Amino acid sequence: MSYPTSIKIIRVPCTGKVDILHIMRSFEKGADGVYVVGCREGDCHYNSGNFRARKRVEQAQQLLDTIGIGGHRVRMCNLSSSDGPLFVKYAQEMHQKILKAGPNPIKLAKKKAKAA
């Protein structure tokens with residue numbers, strides 16, 4: 001099983017530690033998309049971490065839509081550690097979605113600013 005090499009994995013103890021600022025900073029730093037993978041709902045070792053993460057992802061989607069980057073560039077999935085094939089499937093789907101959406105508009109604006 002392999003997923004696209006353009007995907008960079010950042011491990012956290014719990015997706016509940018992923019803040020909306022982390023997601024937005026990813027875009028500021030040039031990420032074209034963010035794919036958050038948490039425990040299955042109801043199976044979080046920290047009780048409700050994955051629910052907090054889902055809420056933050058939804059907030060990031062709304063904010064990205066508002067500022068014109070596109071909320072479709074952020075996704076949250078809930079998987080167990082034994083769902084390797086499903087992780088790969090979702091990663092490939094996200095990769096295709098981001099390729100179709102094109103580069104992050106912030107990254108493009110920074111390139112244009114440097115060229116000017």
# chains A, B, ... in the order shown; residues from 1 in each chain; ligands from 1
>>> residues_around(residues="segment 110-113 of chain A", least_positions_apart="5", cutoff="12 Å", atoms="only C-alpha atoms", output="list in words")
Phe27, Glu28, Lys29, Gly30, Pro103, Asn104 and Pro105 of chain A
>>> residues_around(residues="segment 55-66 of chain A", least_positions_apart="6", cutoff="10 Å", atoms="only C-alpha atoms", output="PyMOL selection string")
chain A and resi 15-16+18-24+27+34-36+72-76
>>> select_by_dssp(residues="chain A", states="strand (DSSP E or B)", output="ChimeraX atom specification")
/A:34-38,74-78
>>> closest_residue(among="A:Ile69, A:Ala31, A:Val88, A:Cys14", to="Ala53 of chain A", atoms="only C-alpha atoms")
A:Cys14
>>> residues_around(residues="Asp43 of chain A", least_positions_apart="3", cutoff="12 Å", atoms="only C-alpha atoms", output="PDB file with N, CA and C atoms, in the first residue's frame")
ATOM      1  N   CYS A  14      -3.150  13.239  19.710  1.00  0.00           N
ATOM      2  CA  CYS A  14      -4.593  13.127  19.523  1.00  0.00           C
ATOM      3  C   CYS A  14      -5.005  14.229  18.557  1.00  0.00           C
ATOM      4  N   GLY A  38      -8.405  11.063  12.383  1.00  0.00           N
ATOM      5  CA  GLY A  38      -8.536  10.800  13.809  1.00  0.00           C
ATOM      6  C   GLY A  38      -9.112   9.422  14.077  1.00  0.00           C
ATOM      7  N   CYS A  39      -9.211   9.110  15.355  1.00  0.00           N
ATOM      8  CA  CYS A  39      -9.813   7.832  15.786  1.00  0.00           C
ATOM      9  C   CYS A  39     -11.268   7.766  15.336  1.00  0.00           C
ATOM     10  N   ARG A  40     -11.766   6.567  15.275  1.00  0.00           N
ATOM     11  CA  ARG A  40     -13.193   6.404  14.984  1.00  0.00           C
ATOM     12  C   ARG A  40     -13.996   7.101  16.074  1.00  0.00           C
ATOM     13  N   TYR A  46      -8.746   9.886  24.353  1.00  0.00           N
ATOM     14  CA  TYR A  46      -8.869  11.110  25.145  1.00  0.00           C
ATOM     15  C   TYR A  46     -10.329  11.566  25.218  1.00  0.00           C
ATOM     16  N   ASN A  47     -11.239  10.639  25.076  1.00  0.00           N
ATOM     17  CA  ASN A  47     -12.689  10.821  25.194  1.00  0.00           C
ATOM     18  C   ASN A  47     -13.323  11.562  24.022  1.00  0.00           C
ATOM     19  N   SER A  48     -13.012  12.842  23.830  1.00  0.00           N
ATOM     20  CA  SER A  48     -13.718  13.607  22.800  1.00  0.00           C
ATOM     21  C   SER A  48     -12.779  14.376  21.879  1.00  0.00           C
ATOM     22  N   GLY A  49     -11.525  13.980  21.834  1.00  0.00           N
ATOM     23  CA  GLY A  49     -10.556  14.685  20.998  1.00  0.00           C
ATOM     24  C   GLY A  49     -10.947  14.728  19.533  1.00  0.00           C
ATOM     25  N   ASN A  50     -11.443  13.600  19.019  1.00  0.00           N
ATOM     26  CA  ASN A  50     -11.802  13.574  17.600  1.00  0.00           C
ATOM     27  C   ASN A  50     -13.031  14.443  17.305  1.00  0.00           C
ATOM     28  N   PHE A  51     -13.903  14.623  18.292  1.00  0.00           N
ATOM     29  CA  PHE A  51     -15.054  15.513  18.091  1.00  0.00           C
ATOM     30  C   PHE A  51     -14.598  16.972  18.056  1.00  0.00           C
ATOM     31  N   ASN A  78     -12.310   9.666  10.091  1.00  0.00           N
ATOM     32  CA  ASN A  78     -12.163   8.901  11.329  1.00  0.00           C
ATOM     33  C   ASN A  78     -11.908   7.450  10.957  1.00  0.00           C
ATOM     34  N   LEU A  79     -10.735   6.958  11.346  1.00  0.00           N
ATOM     35  CA  LEU A  79     -10.317   5.600  11.010  1.00  0.00           C
ATOM     36  C   LEU A  79      -9.705   4.931  12.232  1.00  0.00           C
ATOM     37  N   SER A  80      -9.630   3.618  12.207  1.00  0.00           N
ATOM     38  CA  SER A  80      -8.898   2.901  13.250  1.00  0.00           C
ATOM     39  C   SER A  80      -7.513   2.582  12.710  1.00  0.00           C
ATOM     40  N   SER A  81      -6.628   2.170  13.580  1.00  0.00           N
ATOM     41  CA  SER A  81      -5.257   1.868  13.150  1.00  0.00           C
ATOM     42  C   SER A  81      -5.200   0.678  12.197  1.00  0.00           C
TER      43      SER A  81
END
>>> decode(residues="segment 34-46 of chain A", atoms="all heavy atoms", output="PDB file, in the first residue's frame")
ATOM      1  N   VAL A  34      -5.202  20.018   3.573  1.00  0.00           N
ATOM      2  CA  VAL A  34      -4.951  19.423   4.886  1.00  0.00           C
ATOM      3  C   VAL A  34      -5.963  18.293   5.079  1.00  0.00           C
ATOM      4  O   VAL A  34      -7.163  18.479   4.898  1.00  0.00           O
ATOM      5  CB  VAL A  34      -5.084  20.464   6.027  1.00  0.00           C
ATOM      6  CG1 VAL A  34      -4.960  19.788   7.385  1.00  0.00           C
ATOM      7  CG2 VAL A  34      -4.051  21.567   5.873  1.00  0.00           C
ATOM      8  N   TYR A  35      -5.458  17.141   5.444  1.00  0.00           N
ATOM      9  CA  TYR A  35      -6.242  15.925   5.625  1.00  0.00           C
ATOM     10  C   TYR A  35      -6.002  15.464   7.061  1.00  0.00           C
ATOM     11  O   TYR A  35      -4.897  15.070   7.397  1.00  0.00           O
ATOM     12  CB  TYR A  35      -5.737  14.929   4.572  1.00  0.00           C
ATOM     13  CG  TYR A  35      -6.142  13.494   4.649  1.00  0.00           C
ATOM     14  CD1 TYR A  35      -7.457  13.112   4.775  1.00  0.00           C
ATOM     15  CD2 TYR A  35      -5.178  12.503   4.519  1.00  0.00           C
ATOM     16  CE1 TYR A  35      -7.803  11.776   4.795  1.00  0.00           C
ATOM     17  CE2 TYR A  35      -5.508  11.167   4.529  1.00  0.00           C
ATOM     18  CZ  TYR A  35      -6.821  10.818   4.670  1.00  0.00           C
ATOM     19  OH  TYR A  35      -7.166   9.490   4.689  1.00  0.00           O
ATOM     20  N   VAL A  36      -6.997  15.605   7.936  1.00  0.00           N
ATOM     21  CA  VAL A  36      -6.878  15.249   9.345  1.00  0.00           C
ATOM     22  C   VAL A  36      -7.502  13.869   9.543  1.00  0.00           C
ATOM     23  O   VAL A  36      -8.654  13.647   9.179  1.00  0.00           O
ATOM     24  CB  VAL A  36      -7.586  16.295  10.249  1.00  0.00           C
ATOM     25  CG1 VAL A  36      -7.485  15.892  11.717  1.00  0.00           C
ATOM     26  CG2 VAL A  36      -6.997  17.682  10.024  1.00  0.00           C
ATOM     27  N   VAL A  37      -6.736  12.956  10.118  1.00  0.00           N
ATOM     28  CA  VAL A  37      -7.220  11.590  10.344  1.00  0.00           C
ATOM     29  C   VAL A  37      -7.224  11.322  11.840  1.00  0.00           C
ATOM     30  O   VAL A  37      -6.172  11.367  12.481  1.00  0.00           O
ATOM     31  CB  VAL A  37      -6.339  10.547   9.623  1.00  0.00           C
ATOM     32  CG1 VAL A  37      -6.880   9.145   9.856  1.00  0.00           C
ATOM     33  CG2 VAL A  37      -6.243  10.850   8.140  1.00  0.00           C
ATOM     34  N   GLY A  38      -8.405  11.063  12.383  1.00  0.00           N
ATOM     35  CA  GLY A  38      -8.536  10.800  13.809  1.00  0.00           C
ATOM     36  C   GLY A  38      -9.112   9.422  14.077  1.00  0.00           C
ATOM     37  O   GLY A  38      -9.471   8.693  13.162  1.00  0.00           O
ATOM     38  N   CYS A  39      -9.211   9.110  15.355  1.00  0.00           N
ATOM     39  CA  CYS A  39      -9.813   7.832  15.786  1.00  0.00           C
ATOM     40  C   CYS A  39     -11.268   7.766  15.336  1.00  0.00           C
ATOM     41  O   CYS A  39     -11.904   8.787  15.105  1.00  0.00           O
ATOM     42  CB  CYS A  39      -9.788   7.732  17.308  1.00  0.00           C
ATOM     43  SG  CYS A  39      -8.176   7.862  18.059  1.00  0.00           S
ATOM     44  N   ARG A  40     -11.766   6.567  15.275  1.00  0.00           N
ATOM     45  CA  ARG A  40     -13.193   6.404  14.984  1.00  0.00           C
ATOM     46  C   ARG A  40     -13.996   7.101  16.074  1.00  0.00           C
ATOM     47  O   ARG A  40     -13.592   7.127  17.238  1.00  0.00           O
ATOM     48  CB  ARG A  40     -13.572   4.932  14.938  1.00  0.00           C
ATOM     49  CG  ARG A  40     -13.039   4.231  13.726  1.00  0.00           C
ATOM     50  CD  ARG A  40     -13.770   2.906  13.558  1.00  0.00           C
ATOM     51  NE  ARG A  40     -13.299   2.228  12.375  1.00  0.00           N
ATOM     52  CZ  ARG A  40     -13.815   2.413  11.168  1.00  0.00           C
ATOM     53  NH1 ARG A  40     -14.807   3.248  11.001  1.00  0.00           N
ATOM     54  NH2 ARG A  40     -13.337   1.751  10.125  1.00  0.00           N
ATOM     55  N   GLU A  41     -15.130   7.669  15.688  1.00  0.00           N
ATOM     56  CA  GLU A  41     -15.973   8.371  16.655  1.00  0.00           C
ATOM     57  C   GLU A  41     -16.394   7.405  17.754  1.00  0.00           C
ATOM     58  O   GLU A  41     -16.832   6.295  17.488  1.00  0.00           O
ATOM     59  CB  GLU A  41     -17.169   8.997  15.958  1.00  0.00           C
ATOM     60  CG  GLU A  41     -16.742  10.147  15.061  1.00  0.00           C
ATOM     61  CD  GLU A  41     -17.899  10.911  14.445  1.00  0.00           C
ATOM     62  OE1 GLU A  41     -19.064  10.594  14.741  1.00  0.00           O
ATOM     63  OE2 GLU A  41     -17.606  11.834  13.669  1.00  0.00           O
ATOM     64  N   GLY A  42     -16.201   7.827  18.992  1.00  0.00           N
ATOM     65  CA  GLY A  42     -16.515   6.990  20.141  1.00  0.00           C
ATOM     66  C   GLY A  42     -15.348   6.161  20.628  1.00  0.00           C
ATOM     67  O   GLY A  42     -15.415   5.553  21.689  1.00  0.00           O
ATOM     68  N   ASP A  43     -14.228   6.133  19.857  1.00  0.00           N
ATOM     69  CA  ASP A  43     -13.062   5.330  20.235  1.00  0.00           C
ATOM     70  C   ASP A  43     -11.851   6.162  20.613  1.00  0.00           C
ATOM     71  O   ASP A  43     -10.743   5.648  20.683  1.00  0.00           O
ATOM     72  CB  ASP A  43     -12.666   4.394  19.077  1.00  0.00           C
ATOM     73  CG  ASP A  43     -13.640   3.252  18.891  1.00  0.00           C
ATOM     74  OD1 ASP A  43     -14.388   2.952  19.841  1.00  0.00           O
ATOM     75  OD2 ASP A  43     -13.649   2.651  17.807  1.00  0.00           O
ATOM     76  N   CYS A  44     -12.043   7.431  20.872  1.00  0.00           N
ATOM     77  CA  CYS A  44     -10.918   8.309  21.195  1.00  0.00           C
ATOM     78  C   CYS A  44     -10.374   7.984  22.592  1.00  0.00           C
ATOM     79  O   CYS A  44     -11.131   7.923  23.553  1.00  0.00           O
ATOM     80  CB  CYS A  44     -11.358   9.777  21.133  1.00  0.00           C
ATOM     81  SG  CYS A  44     -10.039  10.939  21.537  1.00  0.00           S
ATOM     82  N   HIS A  45      -9.069   7.786  22.686  1.00  0.00           N
ATOM     83  CA  HIS A  45      -8.435   7.517  23.976  1.00  0.00           C
ATOM     84  C   HIS A  45      -8.560   8.712  24.922  1.00  0.00           C
ATOM     85  O   HIS A  45      -8.465   8.570  26.131  1.00  0.00           O
ATOM     86  CB  HIS A  45      -6.956   7.173  23.793  1.00  0.00           C
ATOM     87  CG  HIS A  45      -6.731   5.950  22.970  1.00  0.00           C
ATOM     88  ND1 HIS A  45      -7.158   4.700  23.347  1.00  0.00           N
ATOM     89  CD2 HIS A  45      -6.139   5.779  21.767  1.00  0.00           C
ATOM     90  CE1 HIS A  45      -6.832   3.818  22.428  1.00  0.00           C
ATOM     91  NE2 HIS A  45      -6.213   4.443  21.445  1.00  0.00           N
ATOM     92  N   TYR A  46      -8.746   9.886  24.353  1.00  0.00           N
ATOM     93  CA  TYR A  46      -8.869  11.110  25.145  1.00  0.00           C
ATOM     94  C   TYR A  46     -10.329  11.566  25.218  1.00  0.00           C
ATOM     95  O   TYR A  46     -10.614  12.738  25.367  1.00  0.00           O
ATOM     96  CB  TYR A  46      -7.976  12.210  24.562  1.00  0.00           C
ATOM     97  CG  TYR A  46      -6.521  11.823  24.598  1.00  0.00           C
ATOM     98  CD1 TYR A  46      -5.906  11.245  23.495  1.00  0.00           C
ATOM     99  CD2 TYR A  46      -5.775  12.016  25.747  1.00  0.00           C
ATOM    100  CE1 TYR A  46      -4.575  10.877  23.533  1.00  0.00           C
ATOM    101  CE2 TYR A  46      -4.432  11.645  25.798  1.00  0.00           C
ATOM    102  CZ  TYR A  46      -3.842  11.076  24.687  1.00  0.00           C
ATOM    103  OH  TYR A  46      -2.523  10.711  24.728  1.00  0.00           O
TER     104      TYR A  46
END
